[in-house]
Each structure stands twice: as C-alpha cells, then as structure tokens.
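Report on one structure; see the data block that follows.
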Amino acid sequence: MTPAMTSLKDGLLKGGLGSLLILALIILVVFPLTLDLFRLNLVGKYLTYGFVAIGLVMLWGYGGVLSLGQGVFFGLGGYCMAMFLKLEASDPETTKIQSTPGIPDFMDWNQLTELPFWWKPFYSLPLTMIAIIAIPSLLAFIISFAMFKRRVGGVYFAIITQAVALVLSVLIIGQQGYTGGVNGMTDLKTMLGWDTRTDSAKYILYFVSAGLLIVSILLCMWVQKSKLGTLLLAMRDKEDRVRFSGYDVSMFKVFVFCLAAALSAIGGAMFTLQVGFMSPSFVGIVPSIEMVIFAAVGGRMSLVGAVYGALLVNFGKTYFSETAPDLWLFLMAALFIGVVLAFPNGLAGLYESHIKPWIARRVAARKASVTPRTPAAPTPPSTSLSSSAPPAAPARA
Amino acid sequence: MSLTDMYNIALMQGFAGLSLFAVLLLMGLGLAIIFGQMGVINMAHGEFMAIGAYTIFLFSTLTQNYLPNAMQMYFPFAICIAFIVAFIVGWFVEWALIRHLYKRPLDTLLATWGLSLGMQQIFRSTFGPKEVSPTLPDWLMGSWAPSEGLDIPINGMFVLALTALVTGLVMLALYKSRWGLRVRATVSNRVMANAIGINTRKTDRLTFAIGCGIAGVAGAAFTTIGSTGPTSGSLYIVDAFLVVTFGGAASLLGTVASAFGIAQTQSIAEFFMTGSMAKVLTLMMIISILMIRPQGLFASKVRR
C-alpha cells in the first residue's frame with residue numbers, strides 16, 4: 001500500500017468517532033423525523049446490509065481477504081430468525097386446516113408429517129439468538145480454518161466462498177420441504193406474541209437495527225484500534241513479515257472472517273424481522289457480490305463510509321428499478337468498474353482526498369486572515385506500519 | 001428389465017456423463033487460458049459465451065431470411081464468426097480494462113463482474129429478455145440409434161467432437177506455436193520474458209482475446225443443447241471456475257481431468273438423486289477436496 005493510503009487510514013481512524021456521531025445523528029434522528037414509515041422501513045432494510053458492509057470493511061479492507069460469500073452468512077442469520085418466527089406463526093391453532101397441524105405450511109404442502117429434528121431448537125428465542133451468531137460463525141470457522149491454515153488466500157478464497165454461496169442457494173431451493181424452497185419463508189407475523197407488522201413495531205425494529213449497527217461499528221472501531229487491528233493491516237500489506245515475527249497469521253484471518261460472518265448474520269436476522277420474510281434470493285452469488293459493492297462504494301477502509309455505501313447503492317437500486325430498470329445494470333456496471341479503476345477508496349476516500357483538504361484550506365485561510373503569523377501545525381508522526389517504511393525501522397513485537 | 005436394457009442404460013448414462021464432460025471442458029478451456037495462464041479472473045467469461053451463442057442466433061436468423069438454401073451449411077461458419085466476434089470484444093476489453101489491473105486480481109474480479117452486468121444489459125436491450133434459440137440445421141437434430149433401445153443424441157456427439165477439436169487445437173497452439181512459447185515464457189517468468197525481448201503486453205492481450213474467443217466457441221456449441229438468455233452466462237461461471245481451479249490452475253491437462261471427474265460424479269449422482277442434490281453433492285466434494293488440496297489436482301511446478 002502506498003503512503004497515501006496509510007495516511008488515509010490514520011485520518012479515517014482519527015476522524016472515526018466524529019463521523020460515527022454524524023452517522024448516528026442521521027440514522028437515529030434525521031431519518032425518523034423526515035421520512036414516512038414506508039421509507040423508514042426501507043432505510044431500515046438497507047441498514048441491515050450495512051452490517052454486511054462493515055463486516056466486509058474489516059475482512060477486505062483491513063484483512064485483505066475478499067469473500068464473495070457474505071450472502072451465505074446474511075442468509076443463515078436471516079433463516080435462523082425466520083425459522084423461529086415461522087414456528088411461532090404456525091401453531092396448531094392457526095394451521096388446523098393442514099393435514100398435519102402445527103408444522104410450517106410449506107412442510108405440509110410437501111407432504112412432511114413431522115417437524116424435522118433440527119427445527120426443534122428454534123422453538124426457543126434464546127437458542128435462536130445463539131444460533132443466529134453461532135451457526136454462521138461456525139461455518140465461517142470451518143471454511144476459513146481449512147483454507148487459511150493451508151495459506152490459501154486471495155482469488156482462490158474468493159472463488160471457494162462463491163461456490164459455497166452457490167451450494168447453499170441450490171440446497172435451499174432444492175430442499176423445498178425443509179426450507180420453503182424458492183419462495184423462502186413467508187407470512188412471519190409475530191415474535192413472542194408481539195406483532196412485528198404494526199407501525200409502532202416497525203419504528204421499534206428500525207431503532208433496534210440502527211442501534212445495533214452503531215454498536216457493531218463501535219466494536220469494529222475498537223478492534224481496529226487494538227493491536228489486532230494493526231496486525232491485520234500489517235498482514236494485509238506484508239503477510240510474510242508478520243509471520244516471521246512469530247504471529248500465527250492464519251488465526252487472525254480466521255477471526256476476522258468469523259467476525260464478518262457474525263455481523264452479516266445479525267444483519268440478516270434484523271432483515272427478516274423488518275421485512276417479514278426470507279428467501280434464497282438473498283443467499284446466492286449475485287446478492288453476495290452486490291454486498292461487496294456496498295463496501296467498495298462507501299470505501300473499503302471506512303466503517304462509516306460502508307454504511308453510507310450500503311444506503312446509497314440500495315437507494316439507487318430501488319429508485320432506478322422503479323423509474324428506469326434498464327439503466328440500473330449499466331449504472332451498477334459503472335460502479336463496479338469505477339470503484340476499481342478510479343476511486344479505490346470509495347466515498348470515504350473522496351472525502352479524505354478532496355473535501356477534507358478543501359475544508360482545511362478554508363479554515364487555514366480564515367485563521368491566516370485573523371492572525372497572520374500562525375505557524376502551520378506540525379504533522380503528527382505516523383504510527384502505522386506501511387510497506388514503504390525503511391527496512392531499518394524497528395520491527396514491532 | 002433384460003440385460004441388454006441395462007447395458008443400453010449404462011451406455012446412455014455414460015454418454016450423458018461424456019457430454020457433460022464436453023460442456024464443462026469447453027467452458028473451462030477459455031478460462032484455463034485466461035485464469036490459468038495469465039492469472040486474470042474474468043467473471044465476464046459466461047457473457048463471452050453468451051456473445052458466441054447470440055452470434056449463432058443472429059446468423060441463423062439472417063440465413064433463414066436471406067439465404068434459406070444455405071441453412072444446412074451455416075453452422076460451421078457461424079462458429080468461426082462466433083470465435084472472431086468474441087476475440088475482438090476480448091481484445092478490446094483487455095485494452096480498455098484488464099491491462100490496468102494485472103497486479104490486482106481481486107479488483108479485476110470486481111471490475112469484470114461489473115463488465116458482465118453491463119454486457120447482460122446490452123444483451124437484454126438488444127435481443128430482449130426472453131431466451132432465444134437458433135434454428136439448427138437438420139443434421140444436428142435427432143438422435144443416432146445404432147441398435148434397438150439405444151439412443152445417442154447427435155447434438156451431444158457434436159459438442160463432444162467440437163470439444164475434442166478445440167482442446168487439440170489449444171494444446172497444439174500452447175505447446176507447438178510461437179504464441180504458446182511466448183505465453184509459457186511469460187507465465188513462468190514475466191520479467192525475464194520481457195528482458196529477452198518478448199512483448200509481454202502484446203502476448204497478454206492476444207492470450208486474453210484467444211481465451212475469450214474460445215469462450216465464444218463454447219457458447220456457440222451450447223446453442224445446440226439449450227436456449228440462450230441474457231443471464232445464461234452467469235449460470236456457467238462458478239462451474240467454469242471450479243473446473244479450472246480443481247484441475248490445478250496452470251495445467252491444461254488438469255482442466256481436462258477435472259472436467260471429466262466432475263462430469264462423471266455429477267451424472268452418476270444424478271442417476272440416484274434429484275438434479276439439485278447431485279449438484280450440491282458434486283460442489284461440496286469439489287470444495288472439500290480444494291480445502292485439503294488447494295493447488296488442485298495437477299499442481300504446476302512454476303515458482304511464484
């Protein structure tokens with residue numbers, strides 16, 4: 001990475017809390033006050049993609065590992081939640097017209113007469129909550145442990161995760177009796193007797209989801225500022241050097257992959273709660289790779305930027321699929337290519353390289369006009385590792 | 001069920017596996033050149049196949065309208081044209097996009113995915129969202145029945161023969177021609193190849209374009225099996241990448257072997273379970289084998 005990118009990273013970290021406050025203000029105050037409930041619900045849906053996007057910032061921007069299978073974890077989290085809600089929606093009373101009352105309707109349609117054993121834990125909310133985090137993390141652990149221990153990375157990892165996304169979506173569509181097939185799980189109504197379709201519930205779910213997102217960003221910021229974050233960056237830039245210093249590189253990568261998986265799963269669960277259904281169309285290859293573009297547009301190094309990226313891309317998608325569906329794919333193509341060729345750091349990078357210096361100049365100009373002889377503020381010493389550091393620099397650890 | 005019936009079923013089943021093998025290999029060949037030899041991830045590979053397929057469709061419509069007498073003849077010509085069209089588009093794409101991204105494989109992946117989205121929309125705007133299929137010459141239709149109860153589809157045999165031809169040509173080109181020598185030199189040591197006077201940039205562009213051209217031929221051949229829609233390219237892409245990765249990226253022989261293995265596994269599994277479960281089983285096997293042996297079946301001896 002170039003020194004420019006390293007200084008960019010410093011700037012993003014320093015400005016991190018401030019920009020997080022602005023984001024929190026926007027999603028917790030401005031949106032609820034200005035948007036009607038329908039739009040707010042949409043924004044809430046987009047925010048759940050924000051979870052995936054910040055997971056990708058940690059994984060891709062910081063860890064240097066690109067996963068094209070984040071939809072798998074988003075979907076798993078969403079399906080866990082959907083299974084719980086579906087079981088609650090299909091109590092024997094409401095499903096008494098079925099040939100087997102008490103099981104979800106799609107099972108009845110597919111001639112299942114008994115609830116499969118692996119559905120049983122989802123009767124309990126605490127177990128479901130655990131499953132939402134645990135199942136995707138476990139899968140992520142298995143995939144990444146096997147691969148990173150053998151030092152497989154980069155492109156191969158991307159292809160394998162993409163294949164996993166294909167497997168899961170084919171599996172869900174193929175096993176209609178157990179998963180609801182291509183329609184997914186629909187008609188999710190209540191959560192512990194609380195109707196999630198009412199207006200007040202929608203407001204509450206929006207705030208819960210926005211709050212969780214901000215907590216997740218704080219968690220990721222904490223990881224970034226810890227020694228682990230520094231190591232991740234170092235690993236991304238010079239993996240061998242970190243390995244030679246005695247670190248177990250693969251386990252750090254496994255950790256960050258599991259973290260990204262867990263975050264995506266939370267997003268998926270919140271998605272199911274807000275939208276009221278879950279289907280394989282959020283699991284496969286195409287949605288998984290679209291999730292990467294959220295992070296890329298926002299800036300792969302910026303947590304807050306990634307949330308804006310998710311909001312913006314999804315807003316664009318909704319807007320253009322309503323007004324000019326033909327244009328949307330071209331725009332999406334331009335986004336993918338443009339983000340790679342012209343704006344590798346996305347919106348956050350644009351802000352750092354254009355808007356921030358402009359603000360700084362304006363501030364400096366104003367100061368200069370008030371007190372003409374103020375010396376320029378000394379630049380703080382850079383503490384981050386970078387590949388361009390002279391070899392004589394003392395090695396960390 | 002008599003013994004001859006069983007024998008016939010086994011033969012036809014074997015042939016189904018063989019024609020799936022031909023399909024996978026033809027898909028993988030272009031990618032084996034682009035990904036295996038150059039290390040470029042071309043997510044738009046499926047769309048280059050769609051270019052080939054649409055070229056055939058266009059040609060068949062044109063022939064039907066203006067030269068109805070030539071209907072029996074057009075197909076081989078159209079395949080050549082499909083190669084040329086895909087080659088030219090590939091050449092242009094390399095110039096416009098890929099050459100800026102050679103050292104950033106993950107970025108290439110995203111950019112070519114964007115390219116594939118754009119190409120899909122172009123197909124949709126030009127040919128409509130519906131799937132199309134060309135009018136095939138009579139000699140490609142029907143099946144060959146050498147004995148009672150045995151039916152071997154002719155289009156399957158055609159694809160098999162074409163695959164054999166293309167594979168042979170690629171092998172010959174890669175190991176006997178001047179271009180192949182340059183490609184192999186560039187793959188094993190780019191700097192050195194440059195130093196001894198090989199124009200590696202030109203080699204890259206030619207290689208990418210040839211890979212795309214072969215994808216075009218593959219797409220052209222697939223029109224004999226199924227119809228073509230704007231998004232049909234994206235159905236092939238994961239399979240194609242798995243074939244190449246599973247075989248060992250830089251090894252052409254590995255691609256052949258892995259296409260054969262995957263095809264046989266899948267067609268045998270399809271005999272016992274539903275198509276989607278067979279697919280899941282095959283993919284899971286590939287993924288687990290790749291986890292244990294990430295370099296694929298035939299690892300290259302190139303140092304990187």
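Residue numbering restarts at 1 in every chain; chains get A, B, ... in the order shown in the structure tokens, and ligands count up from 1 in that same order.
Near B:Ala53, within a cut-off of 6 Å and counting only C-alpha atoms, sit the residues Ala50, Ile51, Thr55, Ile56, Gly219, Ala220 and Thr223 of chain B, with same-chain residues fewer than 2 positions away left out.
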Residues just named, written with N, CA and C atoms as a PDB file, in the first residue's frame:
```pdb
ATOM      1  N   ALA B  50     -22.042 -16.101 -23.966  1.00  0.00           N
ATOM      2  CA  ALA B  50     -23.328 -15.625 -24.486  1.00  0.00           C
ATOM      3  C   ALA B  50     -23.130 -14.882 -25.807  1.00  0.00           C
ATOM      4  N   ILE B  51     -22.002 -14.165 -25.939  1.00  0.00           N
ATOM      5  CA  ILE B  51     -21.714 -13.500 -27.219  1.00  0.00           C
ATOM      6  C   ILE B  51     -21.693 -14.525 -28.344  1.00  0.00           C
ATOM      7  N   THR B  55     -24.295 -14.780 -31.411  1.00  0.00           N
ATOM      8  CA  THR B  55     -23.806 -14.708 -32.786  1.00  0.00           C
ATOM      9  C   THR B  55     -24.452 -15.802 -33.632  1.00  0.00           C
ATOM     10  N   ILE B  56     -24.497 -17.014 -33.074  1.00  0.00           N
ATOM     11  CA  ILE B  56     -25.138 -18.122 -33.791  1.00  0.00           C
ATOM     12  C   ILE B  56     -26.597 -17.787 -34.073  1.00  0.00           C
ATOM     13  N   GLY B 219     -19.905 -21.020 -26.212  1.00  0.00           N
ATOM     14  CA  GLY B 219     -21.284 -20.548 -26.212  1.00  0.00           C
ATOM     15  C   GLY B 219     -22.004 -20.951 -27.488  1.00  0.00           C
ATOM     16  N   ALA B 220     -21.280 -20.891 -28.609  1.00  0.00           N
ATOM     17  CA  ALA B 220     -21.879 -21.281 -29.885  1.00  0.00           C
ATOM     18  C   ALA B 220     -22.285 -22.749 -29.846  1.00  0.00           C
ATOM     19  N   THR B 223     -25.565 -23.655 -28.032  1.00  0.00           N
ATOM     20  CA  THR B 223     -26.880 -23.390 -28.616  1.00  0.00           C
ATOM     21  C   THR B 223     -27.515 -24.683 -29.126  1.00  0.00           C
TER      22      THR B 223
END
```
Item checked: helix (DSSP H, G or I) call set, DSSP backbone run, stretch 30-161 of chain A, as a ChimeraX atom specification -> /A:30-34,37-62,70-89,105-109,117-123,125-149,154-161
Write to file, as a short mmCIF file (atom, residue, chain, number, x, y, z; two decimals), in the first residue's frame, the residues of the selection just made, with C-alpha atoms.
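Okay, this is what ended up in again.cif:
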```cif
data_model
loop_
_atom_site.label_atom_id
_atom_site.label_comp_id
_atom_site.auth_asym_id
_atom_site.auth_seq_id
_atom_site.Cartn_x
_atom_site.Cartn_y
_atom_site.Cartn_z
CA VAL A 30 -32.83 12.88 10.82
CA PHE A 31 -34.30 9.85 9.01
CA PRO A 32 -37.02 9.10 11.58
CA LEU A 33 -38.05 12.76 11.64
CA THR A 34 -38.11 13.37 7.89
CA LEU A 37 -42.89 4.99 7.77
CA PHE A 38 -42.70 3.22 4.44
CA ARG A 39 -39.43 4.92 3.51
CA LEU A 40 -38.07 4.48 7.02
CA ASN A 41 -38.77 0.76 6.79
CA LEU A 42 -36.84 0.73 3.51
CA VAL A 43 -33.93 2.54 5.12
CA GLY A 44 -34.06 0.02 7.95
CA LYS A 45 -33.78 -2.74 5.37
CA TYR A 46 -30.78 -1.03 3.79
CA LEU A 47 -29.17 -0.61 7.20
CA THR A 48 -29.21 -4.38 7.64
CA TYR A 49 -26.98 -4.53 4.55
CA GLY A 50 -24.79 -2.06 6.41
CA PHE A 51 -23.91 -4.87 8.83
CA VAL A 52 -22.58 -6.91 5.93
CA ALA A 53 -20.74 -3.88 4.58
CA ILE A 54 -18.90 -3.14 7.83
CA GLY A 55 -18.06 -6.84 8.10
CA LEU A 56 -16.52 -6.57 4.64
CA VAL A 57 -14.56 -3.47 5.65
CA MET A 58 -12.98 -5.48 8.44
CA LEU A 59 -12.44 -8.52 6.27
CA TRP A 60 -11.49 -6.97 2.96
CA GLY A 61 -10.22 -3.50 3.78
CA TYR A 62 -8.34 -4.49 6.92
CA GLN A 70 -21.23 -12.94 2.61
CA GLY A 71 -24.76 -13.61 1.42
CA VAL A 72 -24.38 -17.08 2.91
CA PHE A 73 -23.98 -15.66 6.40
CA PHE A 74 -26.58 -12.95 5.89
CA GLY A 75 -28.94 -15.68 4.71
CA LEU A 76 -28.11 -18.07 7.53
CA GLY A 77 -28.78 -15.39 10.13
CA GLY A 78 -31.95 -14.43 8.36
CA TYR A 79 -33.11 -18.04 8.03
CA CYS A 80 -32.46 -18.76 11.72
CA MET A 81 -34.66 -15.83 12.65
CA ALA A 82 -37.23 -16.81 10.03
CA MET A 83 -37.39 -20.36 11.38
CA PHE A 84 -38.20 -19.07 14.84
CA LEU A 85 -40.86 -16.70 13.55
CA LYS A 86 -42.27 -19.35 11.23
CA LEU A 87 -42.66 -21.84 14.05
CA GLU A 88 -44.47 -19.23 16.07
CA ALA A 89 -46.69 -18.36 13.09
CA ASP A 105 -47.28 -24.56 5.82
CA PHE A 106 -44.60 -25.33 3.23
CA MET A 107 -43.76 -28.57 5.04
CA ASP A 108 -47.38 -29.56 4.90
CA TRP A 109 -47.51 -28.79 1.17
CA PHE A 117 -35.39 -32.56 14.48
CA TRP A 118 -33.09 -29.69 13.53
CA TRP A 119 -36.05 -27.33 13.53
CA LYS A 120 -36.86 -28.08 17.17
CA PRO A 121 -34.30 -25.74 18.82
CA PHE A 122 -35.91 -22.84 17.01
CA TYR A 123 -38.93 -23.02 19.26
CA LEU A 125 -35.89 -17.49 21.35
CA PRO A 126 -32.63 -17.67 23.36
CA LEU A 127 -31.50 -20.71 21.38
CA THR A 128 -32.43 -18.92 18.15
CA MET A 129 -30.40 -15.87 19.19
CA ILE A 130 -27.43 -18.10 19.90
CA ALA A 131 -27.92 -19.93 16.60
CA ILE A 132 -28.01 -16.65 14.66
CA ILE A 133 -24.46 -15.91 15.78
CA ALA A 134 -23.15 -19.43 16.26
CA ILE A 135 -24.15 -21.21 13.05
CA PRO A 136 -22.69 -18.65 10.62
CA SER A 137 -19.57 -18.23 12.75
CA LEU A 138 -19.08 -21.97 12.91
CA LEU A 139 -19.44 -22.34 9.16
CA ALA A 140 -17.07 -19.40 8.66
CA PHE A 141 -14.62 -21.01 11.04
CA ILE A 142 -14.68 -24.34 9.22
CA ILE A 143 -14.23 -22.75 5.80
CA SER A 144 -11.56 -20.28 6.80
CA PHE A 145 -9.63 -22.53 9.15
CA ALA A 146 -9.20 -25.16 6.46
CA MET A 147 -8.18 -22.59 3.88
CA PHE A 148 -6.02 -20.15 5.80
CA LYS A 149 -4.07 -22.88 7.57
CA GLY A 154 -6.81 -14.06 -2.40
CA VAL A 155 -8.54 -15.21 -5.52
CA TYR A 156 -8.88 -18.86 -4.55
CA PHE A 157 -10.62 -17.93 -1.34
CA ALA A 158 -12.99 -15.68 -3.26
CA ILE A 159 -13.86 -18.48 -5.68
CA ILE A 160 -14.42 -21.03 -2.92
CA THR A 161 -16.68 -18.68 -0.95
#
```
Chain B near chain A within 9 Å: what's each residue's closest atom pair and its distance in Å to one decimal, counting only C-alpha atoms, ordered by chain then ascending residue number, as a Markdown table?
```
| residue | atom | partner | partner_atom | distance |
| --- | --- | --- | --- | --- |
| B:Ile41 | CA | A:Val155 | CA | 7.8 |
| B:Leu97 | CA | A:Ile337 | CA | 8.4 |
| B:His100 | CA | A:Leu341 | CA | 7.8 |
| B:Leu101 | CA | A:Leu341 | CA | 8.1 |
| B:Pro105 | CA | A:Val155 | CA | 6.7 |
| B:Leu106 | CA | A:Val155 | CA | 6.3 |
| B:Asp107 | CA | A:Val340 | CA | 5.8 |
| B:Thr108 | CA | A:Val340 | CA | 7.9 |
| B:Leu109 | CA | A:Val155 | CA | 8.3 |
| B:Leu110 | CA | A:Phe336 | CA | 6.0 |
| B:Ala111 | CA | A:Ile337 | CA | 4.5 |
| B:Thr112 | CA | A:Ile337 | CA | 7.6 |
| B:Trp113 | CA | A:Phe336 | CA | 7.3 |
| B:Gly114 | CA | A:Ala333 | CA | 3.9 |
| B:Leu115 | CA | A:Ala333 | CA | 5.8 |
| B:Ser116 | CA | A:Ala333 | CA | 7.6 |
| B:Leu117 | CA | A:Ala333 | CA | 5.6 |
| B:Gly118 | CA | A:Phe330 | CA | 5.0 |
| B:Met119 | CA | A:Phe330 | CA | 8.5 |
| B:Gln120 | CA | A:Leu329 | CA | 8.1 |
| B:Gln121 | CA | A:Leu329 | CA | 6.2 |
| B:Ile122 | CA | A:Phe330 | CA | 8.6 |
| B:Arg124 | CA | A:Asp326 | CA | 8.6 |
| B:Ser125 | CA | A:Asp326 | CA | 7.7 |
| B:Val238 | CA | A:Ala163 | CA | 6.5 |
| B:Asp239 | CA | A:Ala163 | CA | 8.4 |
| B:Phe241 | CA | A:Ile159 | CA | 7.3 |
| B:Leu242 | CA | A:Ile159 | CA | 7.7 |
| B:Thr245 | CA | A:Tyr156 | CA | 7.8 |
| B:Thr274 | CA | A:Gly174 | CA | 8.4 |
| B:Gly275 | CA | A:Gly174 | CA | 8.6 |
| B:Ser276 | CA | A:Gly174 | CA | 5.7 |
| B:Met277 | CA | A:Gly174 | CA | 6.8 |
| B:Lys279 | CA | A:Val170 | CA | 7.9 |
| B:Val280 | CA | A:Val167 | CA | 5.5 |
| B:Leu281 | CA | A:Val167 | CA | 8.6 |
| B:Leu283 | CA | A:Val167 | CA | 6.6 |
| B:Met284 | CA | A:Val167 | CA | 7.3 |
| B:Ile287 | CA | A:Ile160 | CA | 6.7 |
| B:Leu290 | CA | A:Ile160 | CA | 8.3 |
| B:Met291 | CA | A:Met147 | CA | 5.7 |
| B:Ile292 | CA | A:Ala146 | CA | 7.3 |
| B:Arg293 | CA | A:Arg150 | CA | 8.5 |
| B:Pro294 | CA | A:Val152 | CA | 6.7 |
| B:Gln295 | CA | A:Val152 | CA | 8.7 |
```
Checklist line | A:Ile27, A:Lys317, A:Gly181, A:Glu322 ranked by distance to A:Ser279, top pick (using only C-alpha atoms) | finding: A:Gly181
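Within 12 Å of B:Arg201, once only C-alpha atoms are used and residues closer than 4 positions along the same chain are dropped, the contacting residues are Met38, Trp91, Glu94, Trp95, Ile98, Arg99, His100, Tyr102, Arg182, Val183, Thr186, Arg190, Val191, Ala193, Asn194, Gly197, Arg205, Leu206, Thr207 and Phe208 of chain B.
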Just the selected residues (C-alpha atoms), exported as a compact mmCIF listing (two decimals), in the first residue's frame, please.
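Contents of result05.txt, as written:
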```
# COMPACT_ATOMS: atom_id res chain seq x y z
CA MET B 38 -2.46 -15.20 -17.04
CA TRP B 91 -9.12 -7.75 -27.36
CA GLU B 94 -8.18 -6.21 -22.40
CA TRP B 95 -7.12 -2.89 -23.82
CA ILE B 98 -7.85 -5.64 -17.88
CA ARG B 99 -4.41 -4.24 -18.63
CA HIS B 100 -4.78 -1.65 -15.90
CA TYR B 102 -2.84 -7.03 -13.82
CA ARG B 182 5.68 -16.72 -25.51
CA VAL B 183 2.73 -17.40 -23.23
CA THR B 186 5.57 -15.05 -19.72
CA ARG B 190 7.41 -12.32 -16.75
CA VAL B 191 10.43 -10.10 -16.11
CA ALA B 193 10.50 -12.97 -20.73
CA ASN B 194 10.38 -9.21 -21.10
CA GLY B 197 12.56 -9.44 -25.99
CA ARG B 205 -3.66 -9.14 -24.98
CA LEU B 206 -3.53 -11.93 -27.53
CA THR B 207 -3.89 -14.56 -24.82
CA PHE B 208 -6.88 -12.86 -23.27
```
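Between atom CA of B:Leu150 and atom CA of B:Tyr74 the interatomic distance comes to 29.6 Å.
Residues of stretch 62-243 of chain B carrying a DSSP assignment of strand (DSSP E), computed from the backbone, are Ser143, Trp144, Ile152 and Pro153 of chain B.
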Selection export as a short mmCIF file (atom, residue, chain, number, x, y, z; two decimals), in the first residue's frame, atoms kept: C-alpha atoms:
```cif
data_model
loop_
_atom_site.label_atom_id
_atom_site.label_comp_id
_atom_site.auth_asym_id
_atom_site.auth_seq_id
_atom_site.Cartn_x
_atom_site.Cartn_y
_atom_site.Cartn_z
CA SER B 143 -30.51 -38.98 -32.30
CA TRP B 144 -28.44 -41.83 -33.51
CA ILE B 152 -27.49 -41.25 -28.56
CA PRO B 153 -28.31 -37.58 -29.20
#
```
Next item on the list: Could you check how far atom CA of B:Gly39 sits from atom CA of B:Leu172, in Å to one decimal?
Entry: 20.9 Å
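Minimum atom-to-atom distances from B:Phe35, B:Phe15, B:Phe83, B:Tyr7 to B:Ser267 were compared using only C-alpha atoms, and the lowest value belongs to B:Phe15.
Atom to atom, atom CA of B:Val85 and atom CA of B:Gly248 stand 28.9 Å apart.
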Leaving out B:Ala209 and any residue of its chain fewer than 6 positions from it, which residues lie within 7 Å of it when counting only C-alpha atoms, given as a CSV table (one decimal) with N, CA and C atoms, in the first residue's frame?
```csv
chain,number,residue,atom,x,y,z
B,87,PHE,N,-13.4,-12.8,-29.9
B,87,PHE,CA,-12.0,-12.5,-29.9
B,87,PHE,C,-11.8,-11.0,-29.9
B,88,ILE,N,-12.6,-10.3,-30.8
B,88,ILE,CA,-12.4,-8.9,-30.9
B,88,ILE,C,-12.9,-8.2,-29.7
B,90,GLY,N,-12.9,-9.4,-26.7
B,90,GLY,CA,-11.9,-9.7,-25.7
B,90,GLY,C,-10.7,-8.8,-25.8
B,91,TRP,N,-10.3,-8.6,-27.1
B,91,TRP,CA,-9.1,-7.7,-27.4
B,91,TRP,C,-9.4,-6.3,-26.8
```
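Remark: for A:Val256, the closest of the candidate residues A:Leu273, A:Met185, A:Val283, A:Leu231 is A:Leu231 (distances computed over only C-alpha atoms).
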